[in-house]
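For reference, query-v4.txt is printed below; it contains compact mmCIF, C-alpha atoms.
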```
# COMPACT_ATOMS: atom_id res chain seq x y z
CA MET A 1 0.00 0.00 0.00
CA GLN A 2 2.81 2.37 0.81
CA VAL A 3 4.52 1.87 -2.57
CA ALA A 4 1.28 2.37 -4.48
CA HIS A 5 0.58 5.56 -2.54
CA ARG A 6 4.00 6.97 -3.34
CA GLN A 7 3.71 6.17 -7.06
CA THR A 8 0.37 7.94 -7.28
CA ALA A 9 1.55 10.93 -5.28
CA GLY A 10 4.61 11.32 -7.44
CA SER A 11 2.91 11.02 -10.82
CA CYS A 12 1.77 14.63 -11.10
CA TYR A 13 5.21 15.88 -10.08
CA GLN A 14 6.88 13.63 -12.65
CA SER A 15 4.71 14.82 -15.51
CA ARG A 16 5.45 18.45 -14.57
CA SER A 17 9.19 17.93 -14.35
CA ASP A 18 9.20 16.06 -17.67
CA ALA A 19 7.53 19.08 -19.24
CA ALA A 20 10.46 21.18 -18.11
CA GLY A 21 12.80 19.21 -20.33
CA ARG A 22 14.43 16.85 -17.84
CA ARG A 23 15.53 13.36 -18.73
CA ALA A 24 12.85 10.80 -19.51
CA VAL A 25 11.44 8.81 -16.64
CA PRO A 26 11.59 4.99 -16.54
CA VAL A 27 8.95 3.13 -18.53
CA ALA A 28 6.88 2.21 -15.47
CA SER A 29 6.80 5.83 -14.31
CA GLN A 30 5.90 7.02 -17.82
CA ARG A 31 2.77 4.88 -17.72
CA THR A 32 1.81 6.37 -14.37
CA SER A 33 2.40 9.93 -15.56
CA SER A 34 0.61 9.62 -18.88
CA ALA A 35 -2.49 8.31 -17.17
CA ARG A 36 -2.84 11.29 -14.81
CA PRO A 37 -1.65 14.59 -16.29
CA GLY A 38 -5.22 15.85 -16.61
CA LEU A 39 -5.42 16.11 -12.83
CA CYS A 40 -2.85 18.92 -12.80
CA LYS A 41 -4.74 22.11 -13.57
CA ALA A 42 -1.87 24.40 -12.58
CA ALA A 43 1.51 24.34 -10.91
CA GLU A 44 2.48 26.16 -7.76
CA GLN A 45 5.07 28.91 -7.23
CA LEU A 46 6.82 29.80 -3.99
CA VAL A 47 6.56 33.57 -3.93
CA GLY A 48 7.01 34.73 -0.33
CA VAL A 49 8.46 33.70 3.01
CA GLY A 50 8.50 35.18 6.51
CA SER A 51 9.32 34.20 10.09
CA SER A 52 9.04 35.32 13.70
CA VAL A 53 10.50 34.17 17.04
CA PRO A 54 10.05 35.37 20.63
CA GLU A 55 12.49 37.95 21.96
CA THR A 56 13.12 35.89 25.10
CA PHE A 57 15.87 33.30 24.74
CA LEU A 58 17.89 30.90 26.85
CA THR A 59 21.59 30.33 26.26
CA ASN A 60 23.45 27.17 27.13
CA ASP A 61 24.88 28.98 30.13
CA ASP A 62 21.33 29.74 31.28
CA LEU A 63 20.49 26.04 31.10
CA ALA A 64 23.62 25.19 33.07
CA LYS A 65 21.90 26.89 36.02
CA LEU A 66 18.97 24.47 35.73
CA VAL A 67 20.60 21.13 34.90
CA ASP A 68 24.01 19.47 34.98
CA THR A 69 25.34 20.66 31.62
CA ASN A 70 27.57 23.28 30.01
CA ASP A 71 28.02 25.09 26.73
CA GLU A 72 30.75 22.79 25.41
CA TRP A 73 28.73 19.65 26.17
CA ILE A 74 25.62 20.96 24.36
CA VAL A 75 27.41 22.43 21.34
CA SER A 76 29.55 19.33 20.75
CA ARG A 77 26.49 17.05 20.73
CA THR A 78 23.89 19.23 19.02
CA GLY A 79 25.38 22.43 17.61
CA ILE A 80 22.84 24.50 19.58
CA ARG A 81 23.93 27.61 21.49
CA LYS A 82 20.59 29.22 22.37
CA ARG A 83 16.85 28.80 21.87
CA HIS A 84 13.96 31.31 21.88
CA VAL A 85 10.95 30.66 24.14
CA LEU A 86 7.56 32.31 24.56
CA GLY A 87 7.45 35.03 27.18
CA LYS A 88 4.65 35.74 29.62
CA GLY A 89 1.41 36.48 27.79
CA GLU A 90 2.88 35.54 24.41
CA THR A 91 1.11 33.09 22.11
CA LEU A 92 2.15 30.96 19.17
CA ALA A 93 -0.58 32.49 17.01
CA GLN A 94 0.96 35.95 17.45
CA HIS A 95 4.15 34.76 15.80
CA ALA A 96 2.21 32.89 13.14
CA VAL A 97 0.45 36.15 12.26
CA ILE A 98 3.72 38.12 12.09
CA SER A 99 5.43 35.53 9.90
CA SER A 100 2.36 35.29 7.66
CA LYS A 101 2.18 39.04 7.13
CA ARG A 102 5.88 39.14 6.27
CA ALA A 103 5.46 36.34 3.74
CA LEU A 104 2.44 38.02 2.16
CA GLU A 105 4.32 41.31 1.95
CA MET A 106 7.25 39.68 0.16
CA ALA A 107 4.86 37.93 -2.22
CA GLY A 108 2.89 41.10 -2.92
CA VAL A 109 -0.31 39.21 -2.10
CA ASP A 110 -3.28 40.71 -0.27
CA ALA A 111 -4.59 38.56 2.58
CA LYS A 112 -8.08 38.78 1.07
CA ASP A 113 -6.78 36.85 -1.94
CA VAL A 114 -5.68 33.86 0.16
CA ASP A 115 -7.89 30.82 -0.43
CA LEU A 116 -6.46 28.48 2.20
CA VAL A 117 -4.46 28.81 5.42
CA LEU A 118 -2.66 25.64 6.49
CA PHE A 119 -1.03 25.75 9.92
CA ALA A 120 1.42 22.92 10.56
CA THR A 121 1.77 22.69 14.34
CA SER A 122 1.76 20.21 17.18
CA SER A 123 1.36 22.86 19.88
CA PRO A 124 -1.51 25.20 18.99
CA ASP A 125 -2.77 27.72 21.52
CA ASP A 126 -6.15 26.00 21.35
CA VAL A 127 -6.53 22.22 21.31
CA PHE A 128 -9.07 22.72 18.50
CA GLY A 129 -6.40 24.43 16.40
CA SER A 130 -5.02 27.93 15.77
CA ALA A 131 -5.31 28.24 11.99
CA CYS A 132 -8.68 30.00 12.13
CA GLN A 133 -7.31 32.55 14.57
CA VAL A 134 -4.42 33.27 12.20
CA GLN A 135 -6.85 33.51 9.29
CA ALA A 136 -8.90 36.13 11.13
CA ASP A 137 -5.96 38.12 12.46
CA ILE A 138 -4.27 38.54 9.06
CA GLY A 139 -7.56 39.44 7.38
CA ALA A 140 -7.82 36.41 5.09
CA SER A 141 -11.61 36.64 5.22
CA LYS A 142 -12.23 34.44 2.17
CA ALA A 143 -9.92 31.61 3.19
CA VAL A 144 -10.69 28.25 4.75
CA ALA A 145 -8.24 27.41 7.52
CA PHE A 146 -7.22 24.28 9.36
CA ASP A 147 -4.31 22.81 11.32
CA LEU A 148 -2.13 19.92 10.19
CA THR A 149 -0.27 17.92 12.83
CA ALA A 150 2.84 15.95 11.88
CA ALA A 151 5.44 17.26 14.34
CA CYS A 152 8.78 18.18 12.75
CA SER A 153 7.66 16.82 9.36
CA GLY A 154 4.59 19.03 9.38
CA PHE A 155 5.82 21.91 7.26
CA VAL A 156 6.94 19.75 4.32
CA LEU A 157 3.72 17.76 4.51
CA ALA A 158 1.72 21.00 4.56
CA MET A 159 3.56 22.29 1.48
CA VAL A 160 2.81 19.05 -0.36
CA THR A 161 -0.83 19.28 0.72
CA ALA A 162 -1.02 22.87 -0.51
CA SER A 163 0.46 21.89 -3.85
CA GLN A 164 -2.22 19.22 -4.29
CA PHE A 165 -4.99 21.80 -3.82
CA ILE A 166 -3.33 24.13 -6.33
CA ARG A 167 -2.61 21.45 -8.92
CA ALA A 168 -6.15 20.15 -8.67
CA GLY A 169 -7.42 23.65 -9.42
CA THR A 170 -9.24 23.89 -6.08
CA PHE A 171 -7.30 26.91 -4.79
CA LYS A 172 -5.03 29.51 -6.35
CA THR A 173 -3.28 31.00 -3.31
CA VAL A 174 -2.31 29.10 -0.17
CA LEU A 175 -0.58 30.36 2.96
CA VAL A 176 1.42 27.59 4.64
CA VAL A 177 2.52 28.27 8.22
CA GLY A 178 4.81 26.10 10.31
CA GLY A 179 5.10 26.87 14.00
CA ASP A 180 5.55 25.30 17.40
CA ALA A 181 5.94 26.30 21.04
CA LEU A 182 7.36 23.10 22.46
CA SER A 183 8.80 24.98 25.44
CA ARG A 184 5.33 24.46 26.92
CA PHE A 185 5.94 20.70 27.06
CA VAL A 186 9.62 20.53 28.01
CA ASP A 187 10.84 19.36 31.39
CA TRP A 188 13.47 22.03 32.06
CA ARG A 189 15.17 19.68 34.53
CA ASP A 190 15.63 16.98 31.88
CA ARG A 191 19.03 17.45 30.25
CA GLY A 192 18.10 15.16 27.38
CA THR A 193 15.31 17.39 26.08
CA CYS A 194 15.58 20.90 27.54
CA ILE A 195 18.74 21.64 25.55
CA LEU A 196 17.01 20.94 22.24
CA PHE A 197 13.74 22.75 21.77
CA GLY A 198 12.83 26.36 20.99
CA ASP A 199 9.74 28.27 19.82
CA GLY A 200 9.04 30.07 16.57
CA CYS A 201 7.05 30.33 13.35
CA GLY A 202 7.66 30.56 9.63
CA ALA A 203 5.35 30.89 6.64
CA VAL A 204 5.41 30.66 2.85
CA VAL A 205 2.97 31.83 0.19
CA MET A 206 2.26 29.34 -2.59
CA ARG A 207 0.45 30.59 -5.67
CA ALA A 208 -0.78 28.99 -8.89
CA ASN A 209 1.49 29.81 -11.80
CA PRO A 210 -0.45 31.71 -14.48
CA ASP A 211 1.43 29.68 -17.11
CA PRO A 212 -0.42 26.34 -17.28
CA ALA A 213 2.61 24.62 -18.84
CA ALA A 214 5.07 25.81 -16.19
CA PRO A 215 6.73 23.28 -13.88
CA GLY A 216 5.81 23.43 -10.22
CA ALA A 217 7.88 24.55 -7.28
CA ILE A 218 7.77 21.04 -5.82
CA LEU A 219 9.72 18.94 -8.30
CA GLY A 220 9.52 15.68 -6.37
CA MET A 221 8.57 14.44 -2.94
CA ASP A 222 8.67 11.37 -0.74
CA MET A 223 7.13 10.69 2.67
CA GLY A 224 6.37 7.97 5.16
CA SER A 225 5.27 7.03 8.68
CA ASP A 226 6.11 4.37 11.25
CA GLY A 227 3.68 4.30 14.15
CA ALA A 228 5.69 1.51 15.77
CA GLY A 229 8.30 4.15 16.57
CA HIS A 230 5.85 6.30 18.54
CA LYS A 231 7.38 5.01 21.78
CA HIS A 232 10.62 6.84 21.00
CA LEU A 233 9.16 10.37 20.86
CA HIS A 234 5.82 11.50 22.21
CA CYS A 235 3.92 13.99 24.39
CA MET A 236 0.93 12.15 25.83
CA PHE A 237 -2.32 13.33 27.37
CA SER A 238 -2.01 12.75 31.10
CA GLY A 239 -5.23 14.15 32.56
CA GLY A 240 -8.24 12.30 33.89
CA GLY A 241 -9.35 10.53 30.73
CA LEU A 242 -12.71 9.53 32.23
CA LYS A 243 -13.67 12.80 33.86
CA PRO A 244 -17.35 12.03 34.48
CA GLN A 245 -16.36 8.80 36.22
CA GLY A 246 -13.44 10.33 38.12
CA GLU A 247 -13.30 10.65 41.87
CA GLY A 248 -12.83 13.77 43.95
CA GLU A 249 -11.77 16.81 41.92
CA VAL A 250 -10.90 14.83 38.78
CA PRO A 251 -14.18 15.54 36.90
CA SER A 252 -13.51 19.28 37.09
CA SER A 253 -9.69 19.29 36.91
CA HIS A 254 -7.82 20.82 33.99
CA ALA A 255 -6.82 18.55 31.13
CA THR A 256 -3.05 18.20 30.99
CA TYR A 257 -0.30 16.76 28.81
CA ALA A 258 2.89 15.13 29.97
CA ASN A 259 6.26 16.64 29.11
CA ILE A 260 8.02 15.51 25.95
CA HIS A 261 9.53 12.04 26.17
CA MET A 262 12.36 11.30 23.77
CA ALA A 263 14.69 8.33 23.51
CA GLY A 264 17.54 10.38 22.09
CA GLN A 265 19.71 7.63 20.63
CA ASP A 266 16.78 5.89 18.96
CA VAL A 267 15.54 9.13 17.40
CA PHE A 268 19.05 10.03 16.24
CA LYS A 269 19.49 6.64 14.56
CA PHE A 270 16.07 7.00 12.93
CA ALA A 271 16.96 10.44 11.56
CA VAL A 272 20.38 9.47 10.24
CA ARG A 273 18.84 6.47 8.49
CA THR A 274 15.72 8.19 7.17
CA VAL A 275 16.90 11.61 5.98
CA PRO A 276 19.22 10.40 3.18
CA ALA A 277 16.60 7.88 2.05
CA VAL A 278 13.76 10.41 1.86
CA ILE A 279 15.92 12.91 -0.04
CA ASP A 280 17.00 10.16 -2.46
CA GLY A 281 13.33 9.26 -2.89
CA ALA A 282 12.35 12.86 -3.64
CA LEU A 283 15.21 13.19 -6.13
CA ALA A 284 14.07 10.02 -7.88
CA LYS A 285 10.51 11.36 -8.13
CA ALA A 286 11.91 14.60 -9.57
CA ASN A 287 14.12 12.68 -12.03
CA LEU A 288 17.07 14.74 -10.87
CA PRO A 289 20.60 13.77 -9.83
CA LYS A 290 21.86 14.84 -6.43
CA GLU A 291 24.30 17.20 -8.17
CA SER A 292 21.36 19.37 -9.20
CA VAL A 293 20.67 20.42 -5.59
CA ASP A 294 21.86 23.93 -4.81
CA TRP A 295 20.95 24.08 -1.12
CA LEU A 296 20.08 21.76 1.73
CA VAL A 297 17.26 23.34 3.76
CA MET A 298 16.11 20.70 6.20
CA HIS A 299 14.72 20.33 9.70
CA GLN A 300 17.11 21.87 12.21
CA ALA A 301 17.38 19.15 14.85
CA ASN A 302 21.05 18.32 15.22
CA GLN A 303 24.14 19.61 13.40
CA ARG A 304 25.48 16.08 13.03
CA ILE A 305 22.35 15.08 11.12
CA LEU A 306 22.70 18.12 8.86
CA ASP A 307 26.35 17.26 8.20
CA ALA A 308 25.53 13.63 7.40
CA ALA A 309 22.82 14.63 4.91
CA ALA A 310 25.13 17.15 3.23
CA GLN A 311 27.85 14.54 2.88
CA ARG A 312 25.39 12.14 1.27
CA LEU A 313 24.40 14.83 -1.26
CA GLY A 314 27.99 15.88 -1.82
CA LEU A 315 27.22 19.43 -0.75
CA PRO A 316 29.91 21.60 0.87
CA SER A 317 29.10 23.14 4.26
CA GLU A 318 28.56 26.57 2.70
CA ARG A 319 25.59 25.10 0.79
CA VAL A 320 23.88 23.87 3.95
CA VAL A 321 21.41 26.33 5.47
CA SER A 322 21.88 26.03 9.22
CA ASN A 323 20.59 28.39 11.89
CA LEU A 324 20.34 25.66 14.51
CA ALA A 325 22.87 27.37 16.77
CA ASN A 326 20.59 30.36 17.30
CA TYR A 327 17.17 28.71 17.53
CA GLY A 328 17.49 25.04 18.42
CA ASN A 329 14.83 22.59 17.27
CA THR A 330 11.69 24.62 16.51
CA SER A 331 9.84 21.60 15.10
CA ALA A 332 7.47 22.57 12.24
CA ALA A 333 8.93 26.10 12.20
CA SER A 334 12.53 25.10 11.56
CA ILE A 335 12.47 24.75 7.76
CA PRO A 336 10.57 27.98 6.95
CA LEU A 337 12.60 29.86 9.57
CA ALA A 338 15.85 28.72 7.93
CA LEU A 339 14.44 29.40 4.46
CA ASP A 340 13.40 32.93 5.41
CA GLU A 341 16.83 33.85 6.71
CA ALA A 342 18.56 32.37 3.65
CA VAL A 343 16.27 34.16 1.17
CA ARG A 344 16.40 37.52 2.93
CA GLY A 345 20.15 37.13 3.38
CA GLY A 346 20.60 36.79 -0.38
CA LEU A 347 21.88 33.21 -0.28
CA ILE A 348 18.96 31.50 -2.02
CA GLN A 349 18.10 33.02 -5.40
CA PRO A 350 15.11 32.49 -7.74
CA GLY A 351 15.50 29.21 -9.60
CA ASP A 352 17.68 27.55 -6.97
CA LYS A 353 16.80 23.95 -6.17
CA LEU A 354 16.45 23.07 -2.50
CA ALA A 355 16.47 19.66 -0.83
CA MET A 356 14.04 19.77 2.11
CA ALA A 357 13.51 17.05 4.69
CA GLY A 358 11.53 16.90 7.91
CA PHE A 359 11.47 14.06 10.41
CA GLY A 360 10.09 13.56 13.89
CA ALA A 361 7.35 12.30 16.16
CA GLY A 362 4.84 9.86 14.78
CA LEU A 363 7.29 8.71 13.64
CA THR A 364 6.97 10.67 10.40
CA TRP A 365 9.29 11.86 7.66
CA ALA A 366 8.90 13.87 4.46
CA GLY A 367 11.24 15.15 1.79
CA ALA A 368 10.84 17.43 -1.21
CA ILE A 369 12.98 18.89 -3.96
CA VAL A 370 11.79 22.47 -4.26
CA ARG A 371 12.48 25.31 -6.68
CA TRP A 372 12.47 28.74 -5.05
CA GLY A 373 10.77 31.63 -6.84
```

For this file, produce the structure as structure tokens.
Amino acid sequence: MQVAHRQTAGSCYQSRSDAAGRRAVPVASQRTSSARPGLCKAAEQLVGVGSSVPETFLTNDDLAKLVDTNDEWIVSRTGIRKRHVLGKGETLAQHAVISSKRALEMAGVDAKDVDLVLFATSSPDDVFGSACQVQADIGASKAVAFDLTAACSGFVLAMVTASQFIRAGTFKTVLVVGGDALSRFVDWRDRGTCILFGDGCGAVVMRANPDPAAPGAILGMDMGSDGAGHKHLHCMFSGGGLKPQGEGEVPSSHATYANIHMAGQDVFKFAVRTVPAVIDGALAKANLPKESVDWLVMHQANQRILDAAAQRLGLPSERVVSNLANYGNTSAASIPLALDEAVRGGLIQPGDKLAMAGFGAGLTWAGAIVRWG
């Protein structure tokens, strides 16, 4: 079932990339593509990006006052030097709104022209989701809005979801937001997790290309899930599950979630194994060699994982977008946050091809080869 799903999902991307003059796809893939090109009404463009993080931050020296650690120990194992966290009275939605407005401004798109707001997050301000709040606060009055939860893979999965709506002709303009505030669920006395996570948001604007024959921004993608690995990384509900049948104050107590549990070595092994495979899979769907990748813009979880992926692609360190040292692991926000800094810093230029990969709780993983601009 998984193979069939991936072949179907890749067919539209293959037919678009073939139209751009790339090498012919294998015979089996040609049959898949030729049977489905009518489903692609338009191709998407990436036309704007923005980000926002809280002003409050914790350095490694700050954490050394809470747990038995130090700057050298943290940097040598993760590459992280500080992480931003929500301050008193601050919400995740506030940063989602700021990043969305910045992305819309870069794109030159009015919020009233947005058809869909997708908010990739595992830590919304409201358990029912925060996308509708973002939709209202940016003035996207005509847009439908909903949250998508896939942890650190969420942003790539949301981009792929947005592209499906655009290619099907359902929507023309989609705002994709990735954001998390995992500081809410971190045990700040647990050295294994408190050194890793930070808060933030990033957003991109995806728009239908007016040229119906143009290739899309997403040239190829690959994704997968392994629920058997859930035990390695989770944040479980820990309140009174049967409130009406609870004793004492339980029926009226607040619902609560446990702090993040992570088996660090197991998650690291999963990431090192999965990231190269998902990028290879996305490259295969795009019919592109690894040498065609200009930049690696992937989930900022650990510098060693970034280095391993770059080595697999044959990319020098200066072609790896890494802001991990300043923000830590911001989950669904990490890719758009890194992308925003690289675009605004003049590193990534229109036409550049980016290898994106997200991986995390679920367990989930997703990769995409993306053209900027």

Show me, as a list in words, the residues that have an atom within 9 Å of Met236 of chain A when counting only C-alpha atoms, minus same-chain residues fewer than 5 positions from it. Thr256, Tyr257, Ala258, Asn259, Ile260 and His261 of chain A

Exercise for review: For Gly224 of chain A, list every protein, DNA or RNA residue within 7 Å, evaluated using only C-alpha atoms, and leave out those in the same chain fewer than 4 positions away; present the list as a list of chain:residue names.
Suggested key: A:Thr364, A:Trp365, A:Ala366

Exercise: Gly200 of chain A partners within 9 Å, all atoms listed in the file, chain neighbours under 5 positions left out, as a CSV table (one decimal) with C-alpha atoms, in the coordinates of the input:
```
chain,number,residue,atom,x,y,z
A,51,SER,CA,9.3,34.2,10.1
A,52,SER,CA,9.0,35.3,13.7
A,53,VAL,CA,10.5,34.2,17.0
A,54,PRO,CA,10.0,35.4,20.6
A,84,HIS,CA,14.0,31.3,21.9
A,85,VAL,CA,11.0,30.7,24.1
A,86,LEU,CA,7.6,32.3,24.6
A,92,LEU,CA,2.2,31.0,19.2
A,95,HIS,CA,4.2,34.8,15.8
A,96,ALA,CA,2.2,32.9,13.1
A,178,GLY,CA,4.8,26.1,10.3
A,179,GLY,CA,5.1,26.9,14.0
A,180,ASP,CA,5.6,25.3,17.4
A,181,ALA,CA,5.9,26.3,21.0
A,327,TYR,CA,17.2,28.7,17.5
A,330,THR,CA,11.7,24.6,16.5
A,331,SER,CA,9.8,21.6,15.1
A,332,ALA,CA,7.5,22.6,12.2
A,333,ALA,CA,8.9,26.1,12.2
A,334,SER,CA,12.5,25.1,11.6
A,337,LEU,CA,12.6,29.9,9.6
```

If I take atom CA of Ala150 of chain A and atom CA of Gln164 of chain A, how far is one from the other in Å, to one decimal?
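Taking atom CA of Ala150 of chain A and atom CA of Gln164 of chain A, their separation equals 17.3 Å.
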
Of A:Arg207, A:Lys82, A:Arg319, A:Arg312, the one nearest to Arg167 of chain A when counting all atoms listed in the file is A:Arg207

| said: At a cut-off of 9 Å, using all atoms listed in the file, what residues contact segment 104-106 of chain A? Leave out same-chain residues fewer than 5 positions from it and give the result as number ranges by chain. | reply: A: 47-50, 99, 111, 175, 203-205

Distance table requested - segment 130-224 of chain A against segment 285-296 of chain A, cut-off 8 Å, all atoms listed in the file: one row per qualifying residue with the closest atom pair and its distance in Å to one decimal, ordered by chain and rising residue number, as JSON lines.
```
{"residue": "A:Leu219", "atom": "CA", "partner": "A:Ala286", "partner_atom": "CA", "distance": 5.0}
{"residue": "A:Gly220", "atom": "CA", "partner": "A:Ala286", "partner_atom": "CA", "distance": 4.1}
{"residue": "A:Met221", "atom": "CA", "partner": "A:Lys285", "partner_atom": "CA", "distance": 6.3}
{"residue": "A:Asp222", "atom": "CA", "partner": "A:Lys285", "partner_atom": "CA", "distance": 7.6}
```

State, in Å with one decimal place, the distance from atom CA of Cys132 of chain A to atom CA of Ile98 of chain A.
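Here the two named atoms are 14.8 Å from each other.
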
_One decimal, in Å: what's the spacing between atom CA of Thr121 of chain A and atom CA of Cys201 of chain A?_
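Atom-to-atom, atom CA of Thr121 of chain A to atom CA of Cys201 of chain A, that is 9.3 Å.
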
Listed atoms of segment 164-180 of chain A, axis-aligned box, 3 Å per side: centre and edge lengths to one decimal in Å, as AutoDock Vina command-line options?
```
--center_x -1.8 --center_y 25.1 --center_z 4.0 --size_x 20.8 --size_y 17.8 --size_z 32.8
```

For Leu233 of chain A, work out the shell of residues within 7 Å, counting all atoms listed in the file and skipping chain neighbours fewer than 6 positions away, then give it as a VMD selection string. chain A and resid 261 to 263 361

For the residues in the current selection, export C-alpha atoms as a PDB file, in the frame of the given file.
```
ATOM      1  CA  HIS A 261       9.530  12.040  26.170  1.00  0.00           C
ATOM      2  CA  MET A 262      12.360  11.300  23.770  1.00  0.00           C
ATOM      3  CA  ALA A 263      14.690   8.330  23.510  1.00  0.00           C
ATOM      4  CA  ALA A 361       7.350  12.300  16.160  1.00  0.00           C
TER       5      ALA A 361
END
```

Counting all atoms listed in the file, the residue among A:Leu66, A:Ala93, A:Ala162, A:Gln300 that lies closest to Asp187 of chain A is A:Leu66
